[in-house]
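Presented below is the structure to which this report refers.
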Amino acid sequence: MNSSNHLQPFLRPITWAVIVIFIGMLALLPTQAMNEARRVALLLVYLIFSVSAFIGIRAILPRPRGRAAVAYGGIILHSLLIAAADYLFEAMDLSPLYFLRIIASAMIWDRPAALFSAFLASLLQPIVALAHGMSLADGQVQFIIRAGAYFVSALLVSELSISLTARWRVSAREADHQREDIARRNAELEALQIELRALADLSHSLAETMNLDEMFRTIEKQVRANLPQANAGALLIYDRQSDALRVRASFGFSPEILAQMNTPPGESAPGRVFLTNRARRLSGREAIEQAAGETGRLENQMQRQASAQGELPQSNLCVPLHTGADVLGVIVLDNFKSAQAFTEQDLQLLEAIADRAALAIRNAQLFESESKRATQLNALTEVSHRVNSILDLEKLLPTIVKLIRLRFNFRYVHLFLNEPERGLTALHAGDGPVVDPLEPGSFILNFDQGMVGWVAAHGELLLANDVTQEPRYVSHASVPDTRAEVTIPIRSSTRLIGVLDVQSEKLNAFESSDIATLQTLASQVAIAIENAQLYGELREQAQRDSLTQVYNHGYFLARLNQEARVTRENGRMLSLIMVDIDYFKEYNDQYGHVVGDQVLVTMVQAIRLNVKHSDLVGRWGGEEFGIVLLGADGEHALIVAERIRTTLASMRVEKEGRVIAPPTVSQGIATLPTHAKDAATLIDLADAALYRAKAQGRDQVRVTE
C-alpha cells in the first residue's frame, strides 16, 4: 500500500475538512444538555480525533513509503474515536463522521481501506446504539440500511478517487513534461546565450588583427575562457609544404615538444578529424587510445612528454576548422582528470567557435598571401631594376644577395659562380645577420658536393624545408641556425652560370610563392650577370693590348698609380720592372713584322711564367713592357727579372720551320718606397735604370741606386 499515489490532489481539502468539522463540533458542545464530565470527555475525543487526523494527513501520510499498518491503524483509531463521540454525544447523529472516515480512506488510501472503514462503521454504530438502550430488533432495518450506505459510499468514492487520481497523474505527467521542456528550453537558451557571447567576443577580437600568429593566440585565449575545464589544448593548422598538421598555438603542453610533432592527415585522432571533416568527443582513456590507433603511437608518446601530467588525457574534444569542404586545421582540447569533463553542449560550442575562427583564418591567410605576393612583386621589380643597372660584376654580386635578403626577409643568401673547366662552384657573394659571414672565395664546392654542388652539376632546383631530412645538405659554421634551404640554378640560354642559395632559420619556410619568386629572380640575376660579364670582357679588351693581351699603356699607368697609393697607405712595398727588347728593330727589318709580333708574344710568355697572377703586366710602348710586383722589394724584383731574362733565352722563335735565336732584354728596377714616394718618380727611376742597362751592354738588369 502506497499513499503517495492518491494523497497529493486531496491532501489540502481533507485537511481543511478536518479543521472545519472540529470547529463545528466545538461550537455545538455548549448547546447540548449533558453533564460536565461527559462534555469534557467528548471534547477530549474530538481533540484526539482532530489532532491525530491533522498530524496523520500533514506529517505521516506524505512520506513516500506508506505502510498498511499505519493506514489500518489510523482507520481503527479514528473509528473508535467516532464511536466514543457517538456514545457521549447521545443526542446527535454522528453518522456523517463515519462517512467522512470512509471517504478519507478511499481518497487517501485505496478501496480495501475504504471497505474496512465501512465495515468498522457498520459494526461500531450498532454497538453504540445498543449501548444507548436500543433493541436489536428495533434498529435492525436502520443498521442494515446504514451498513449498505457505508459500503456503497466506500465503493463509489473509491471509484471516484481512482478516476480523479488517474486524471491527476496525467495532468502531473503533462506538468512534469512541461517543466522538463521549459528547463530544457532554458538550458538551450542559456547555452545559446553563452555561445553567442563567446562568438561575439571572438569576432570582436579577431576583427582587430589580420596577423595569423596573433589570430592563433586570440583563438586559443577565447577557447580557454569559454571551456575552462580543458587542462590542455592545441590549435593545429595544415601545412601544405610538409603535408602535415603543425601546432600554431597551445596551452598545457610543452611548446618545444609539440613543435616536433607532425601529424599527417588520417593519422591519430586529430589527423582523422582533419581528413573526415567531422568533430569527435571522446570519453575515457581507452577510447582515446583506441582512436589514436597504431599509427599514433609515436604521437601518443610525444603527447605524454609534452603534457604537464605526463600521460594521455581522459576526455578529448577534437573539431575541424573548415570553411565548407576546405579544412584548414583542427582544434584539440584535453582533460586529464575526468572521463566526463566535456558534454555534447561543449562540443557544439567548440564547433561554433571553430566555424567562426576558420572563416577569420581563411580571410587572414588570403590577406597574408595577397600581401606577400604584392610585396614579392614590388621587391622583384626593385631588385630587377637595381641589378640590371649595375655592370660592374664585383659590385653586382654583393648587391644581388643583399637586396634579396633584405627585400624578401630571408636569413642567408649566397651566390655561387660555376667553373666548369675545374668542376667546381665558388662563393662570390653572401649576406646574412651573423658577424662573420662567408667571404667571397672562402667556400668552394666540387660539383655534386652538397645541395649547392648538386644544383651546380645538374641545373635543377633543390628544396629542403627540413635540412635534417636532406642527405645532400652540408652544414657550415657560418650558418649554424639553418633549418630550411633552397638552391636555384642561375641559367642563361646557353650555359649554367651558377647557383642562388637561400637559407632560413625556420622549418618549412619556403612556400610555392617563394619558389616561384626566387626562380624569377634567378632568371633576372642570370641576365644581369651575363651583362656584367660581357661588359667586363669588353672593358677588359679595351684595357689590354690586342696583340699580347697584357694591359695597354693607359690602363697599366692607371693601375700603377692606384697600387702605388694603396702601397703607401698600407705601409707595404712595390717594385716596378721596365723591360725593353734589345735590337728589336733589327728583328723586324731582318725577319719581318710577323716574326716581330711573335717575339713580342714570346716576351710576354716569359714574363707570365715568372710573375704571380696578381702582379700587373703592361705594354708601355713598342717593344717596352712594364711589370708591377706587388709586395716585392728590390732584391725580390731582381730575382724575378733575372728569371725572365733566363727564361726568354731558352725559348724558341721560328720562321718557316727555321729556328731563330731569341732576343735578349734589358731591364731596370725601382722600388717604392725605397727609391721613390710616388708612381711618376718610380717610373722615371726604373726607366733610368733600364737605359743604364742598355748603355752598359744590354742583356742585363740594373737596380736604381
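Simple scheme: letters A, B, ... for chains in C-alpha cells order, numbers from 1 for residues in each chain, numbers from 1 for ligands in the order shown.
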Using DSSP on the backbone, list every residue of region 422-495 of chain A that comes out as strand (DSSP E), and give them as number ranges by chain.
-> A: 424-431, 444-446, 462-464, 484-491
Leaving out Thr681 (chain A) and any residue of its chain fewer than 6 positions from it, which residues lie within 12 Å of it when counting only C-alpha atoms, given as a list of chain:residue names?
->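 The filter keeps A:Leu560, A:Asn561, A:Ala564, A:Leu576, A:Ala670, A:Thr671, A:Leu672, A:Pro673, A:Thr674, A:His675, A:Asp687, A:Ala688, A:Thr704.
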How about saving the chosen residues, N, CA and C atoms kept, as a CSV table (one decimal), in the first residue's frame?
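Written file, selection09.csv:
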chain,number,residue,atom,x,y,z
A,560,LEU,N,99.0,51.3,-62.0
A,560,LEU,CA,100.2,51.6,-61.3
A,560,LEU,C,100.0,52.7,-60.2
A,561,ASN,N,99.4,53.8,-60.7
A,561,ASN,CA,99.1,54.9,-59.7
A,561,ASN,C,98.2,54.4,-58.6
A,564,ALA,N,100.2,52.1,-56.2
A,564,ALA,CA,101.2,52.9,-55.5
A,564,ALA,C,100.6,53.6,-54.3
A,576,LEU,N,108.8,48.1,-59.5
A,576,LEU,CA,108.5,48.2,-61.0
A,576,LEU,C,109.7,47.8,-61.8
A,670,ALA,N,113.0,49.8,-60.0
A,670,ALA,CA,112.9,50.8,-58.9
A,670,ALA,C,111.8,50.3,-57.9
A,671,THR,N,112.0,50.6,-56.7
A,671,THR,CA,111.1,50.1,-55.6
A,671,THR,C,110.5,51.3,-54.8
A,672,LEU,N,109.3,51.1,-54.5
A,672,LEU,CA,108.5,52.1,-53.7
A,672,LEU,C,108.3,51.5,-52.4
A,673,PRO,N,108.6,52.1,-51.3
A,673,PRO,CA,109.1,53.5,-51.1
A,673,PRO,C,110.6,53.6,-51.0
A,674,THR,N,111.3,52.6,-51.3
A,674,THR,CA,112.8,52.7,-51.1
A,674,THR,C,113.4,53.7,-52.0
A,675,HIS,N,113.0,53.8,-53.3
A,675,HIS,CA,113.6,54.7,-54.2
A,675,HIS,C,112.7,55.9,-54.6
A,687,ASP,N,113.0,53.6,-65.5
A,687,ASP,CA,113.3,53.9,-66.9
A,687,ASP,C,114.8,54.2,-67.0
A,688,ALA,N,115.3,55.0,-66.0
A,688,ALA,CA,116.7,55.4,-66.0
A,688,ALA,C,117.6,54.2,-65.8
A,704,THR,N,117.9,50.6,-59.4
A,704,THR,CA,118.1,52.0,-59.0
A,704,THR,C,118.9,52.1,-57.8
Just the residues within 8 Å of Ser492 (chain A), please, counting only C-alpha atoms, with nothing from its chain fewer than 2 positions along; format it as a PDB file with C-alpha atoms, in the first residue's frame.
ATOM      1  CA  ILE A 490      71.191  30.543 -62.392  1.00  0.00           C
ATOM      2  CA  THR A 494      73.429  28.799 -73.324  1.00  0.00           C
ATOM      3  CA  ARG A 495      75.034  27.845 -70.021  1.00  0.00           C
ATOM      4  CA  LEU A 496      74.640  27.209 -66.307  1.00  0.00           C
ATOM      5  CA  ILE A 497      76.149  30.302 -64.721  1.00  0.00           C
ATOM      6  CA  SER A 523      66.400  34.443 -64.314  1.00  0.00           C
ATOM      7  CA  ALA A 526      71.366  35.420 -64.868  1.00  0.00           C
ATOM      8  CA  ILE A 527      70.687  38.256 -67.313  1.00  0.00           C
ATOM      9  CA  GLU A 530      75.773  37.904 -68.258  1.00  0.00           C
TER      10      GLU A 530
END
Using only C-alpha atoms, which residues of region 219-270 of chain A come within 12 Å of region 331-342 of chain A, and what is the closest atom pair for each, with the distance in Å to one decimal? Give it as a Markdown table, sorted by chain and residue number.
| residue | atom | partner | partner_atom | distance |
| --- | --- | --- | --- | --- |
| A:Ile219 | CA | A:Ile331 | CA | 9.7 |
| A:Glu220 | CA | A:Ile331 | CA | 9.1 |
| A:Val223 | CA | A:Leu333 | CA | 9.0 |
| A:Arg224 | CA | A:Leu333 | CA | 9.3 |
| A:Asn226 | CA | A:Leu333 | CA | 11.9 |
| A:Leu227 | CA | A:Phe342 | CA | 8.8 |
| A:Pro228 | CA | A:Asn335 | CA | 9.9 |
| A:Gln229 | CA | A:Ala341 | CA | 6.7 |
| A:Ala230 | CA | A:Asn335 | CA | 5.1 |
| A:Asn231 | CA | A:Asn335 | CA | 5.0 |
| A:Ala232 | CA | A:Asp334 | CA | 5.2 |
| A:Gly233 | CA | A:Leu333 | CA | 4.2 |
| A:Ala234 | CA | A:Val332 | CA | 5.3 |
| A:Leu235 | CA | A:Ile331 | CA | 4.8 |
| A:Leu236 | CA | A:Ile331 | CA | 6.3 |
| A:Ile237 | CA | A:Ile331 | CA | 8.8 |
| A:Tyr238 | CA | A:Ile331 | CA | 11.5 |
| A:Leu245 | CA | A:Ile331 | CA | 10.8 |
| A:Arg246 | CA | A:Ile331 | CA | 11.3 |
| A:Val247 | CA | A:Ile331 | CA | 9.8 |
| A:Arg248 | CA | A:Ile331 | CA | 10.4 |
| A:Ala249 | CA | A:Ile331 | CA | 9.7 |
| A:Ser250 | CA | A:Val332 | CA | 9.3 |
| A:Phe251 | CA | A:Leu333 | CA | 9.5 |
| A:Gly252 | CA | A:Asp334 | CA | 9.1 |
| A:Phe253 | CA | A:Asp334 | CA | 10.4 |
| A:Ser268 | CA | A:Val332 | CA | 11.9 |
| A:Ala269 | CA | A:Val332 | CA | 9.3 |
| A:Pro270 | CA | A:Val332 | CA | 7.2 |
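Using only C-alpha atoms, the shortest contact distance between Asp582 (chain A) and any of A:Gly626, A:Gly697, A:Pro663, A:Pro489 is found at A:Pro663.
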To one decimal place, how far is CA of Gln562 (chain A) from CA of Gly621 (chain A) in Å?
->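 Answer for the CA of Gln562 (chain A) to CA of Gly621 (chain A) separation: 20.1 Å.
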Could you build a table of the residues in region 474-545 of chain A lying no more than 9 Å from region 362-383 of chain A, giving for each the nearest pair of atoms and their separation in Å rounded to one decimal place, using only C-alpha atoms, ordered by chain and ascending residue number, as CSV?
residue,atom,partner,partner_atom,distance
A:Ser513,CA,A:Arg373,CA,7.3
A:Asp514,CA,A:Gln376,CA,8.3
A:Thr517,CA,A:Gln376,CA,7.0
A:Leu518,CA,A:Leu380,CA,9.0
A:Thr520,CA,A:Leu380,CA,8.2
A:Leu521,CA,A:Leu380,CA,6.8
A:Gln524,CA,A:Val383,CA,8.7
With a distance cut-off of 12 Å and only C-alpha atoms, select the neighbouring residues of Arg422 (chain A), excluding the residue or stretch itself and same-chain residues fewer than 4 positions from it, and output the selection as a ChimeraX atom specification.
-> /A:417-418,426,444-447,457
Write the selection just made, keeping N, CA, C and O atoms, as a PDB file, in the first residue's frame?
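Dumped everything to selection-v1.pdb:
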ATOM      1  N   LEU A 417      79.275  31.031 -58.389  1.00  0.00           N
ATOM      2  CA  LEU A 417      79.513  31.006 -59.829  1.00  0.00           C
ATOM      3  C   LEU A 417      80.272  29.735 -60.181  1.00  0.00           C
ATOM      4  O   LEU A 417      81.216  29.343 -59.484  1.00  0.00           O
ATOM      5  N   ASN A 418      79.816  29.097 -61.254  1.00  0.00           N
ATOM      6  CA  ASN A 418      80.414  27.828 -61.671  1.00  0.00           C
ATOM      7  C   ASN A 418      81.736  28.050 -62.407  1.00  0.00           C
ATOM      8  O   ASN A 418      81.906  29.043 -63.131  1.00  0.00           O
ATOM      9  N   ALA A 426      82.134  28.259 -56.826  1.00  0.00           N
ATOM     10  CA  ALA A 426      82.753  29.038 -55.758  1.00  0.00           C
ATOM     11  C   ALA A 426      81.830  30.167 -55.319  1.00  0.00           C
ATOM     12  O   ALA A 426      81.121  30.771 -56.133  1.00  0.00           O
ATOM     13  N   ILE A 444      84.394  26.844 -51.458  1.00  0.00           N
ATOM     14  CA  ILE A 444      84.402  26.244 -52.789  1.00  0.00           C
ATOM     15  C   ILE A 444      83.879  24.822 -52.676  1.00  0.00           C
ATOM     16  O   ILE A 444      84.277  24.064 -51.787  1.00  0.00           O
ATOM     17  N   LEU A 445      82.960  24.466 -53.560  1.00  0.00           N
ATOM     18  CA  LEU A 445      82.371  23.129 -53.563  1.00  0.00           C
ATOM     19  C   LEU A 445      82.603  22.469 -54.908  1.00  0.00           C
ATOM     20  O   LEU A 445      82.456  23.112 -55.960  1.00  0.00           O
ATOM     21  N   ASN A 446      82.967  21.202 -54.864  1.00  0.00           N
ATOM     22  CA  ASN A 446      83.047  20.430 -56.098  1.00  0.00           C
ATOM     23  C   ASN A 446      81.638  20.156 -56.601  1.00  0.00           C
ATOM     24  O   ASN A 446      80.675  20.147 -55.835  1.00  0.00           O
ATOM     25  N   PHE A 447      81.515  19.921 -57.875  1.00  0.00           N
ATOM     26  CA  PHE A 447      80.218  19.529 -58.421  1.00  0.00           C
ATOM     27  C   PHE A 447      79.722  18.272 -57.709  1.00  0.00           C
ATOM     28  O   PHE A 447      80.495  17.356 -57.433  1.00  0.00           O
ATOM     29  N   ALA A 457      75.913  21.053 -60.673  1.00  0.00           N
ATOM     30  CA  ALA A 457      76.211  19.988 -61.627  1.00  0.00           C
ATOM     31  C   ALA A 457      75.012  19.623 -62.485  1.00  0.00           C
ATOM     32  O   ALA A 457      75.157  19.327 -63.679  1.00  0.00           O
TER      33      ALA A 457
END
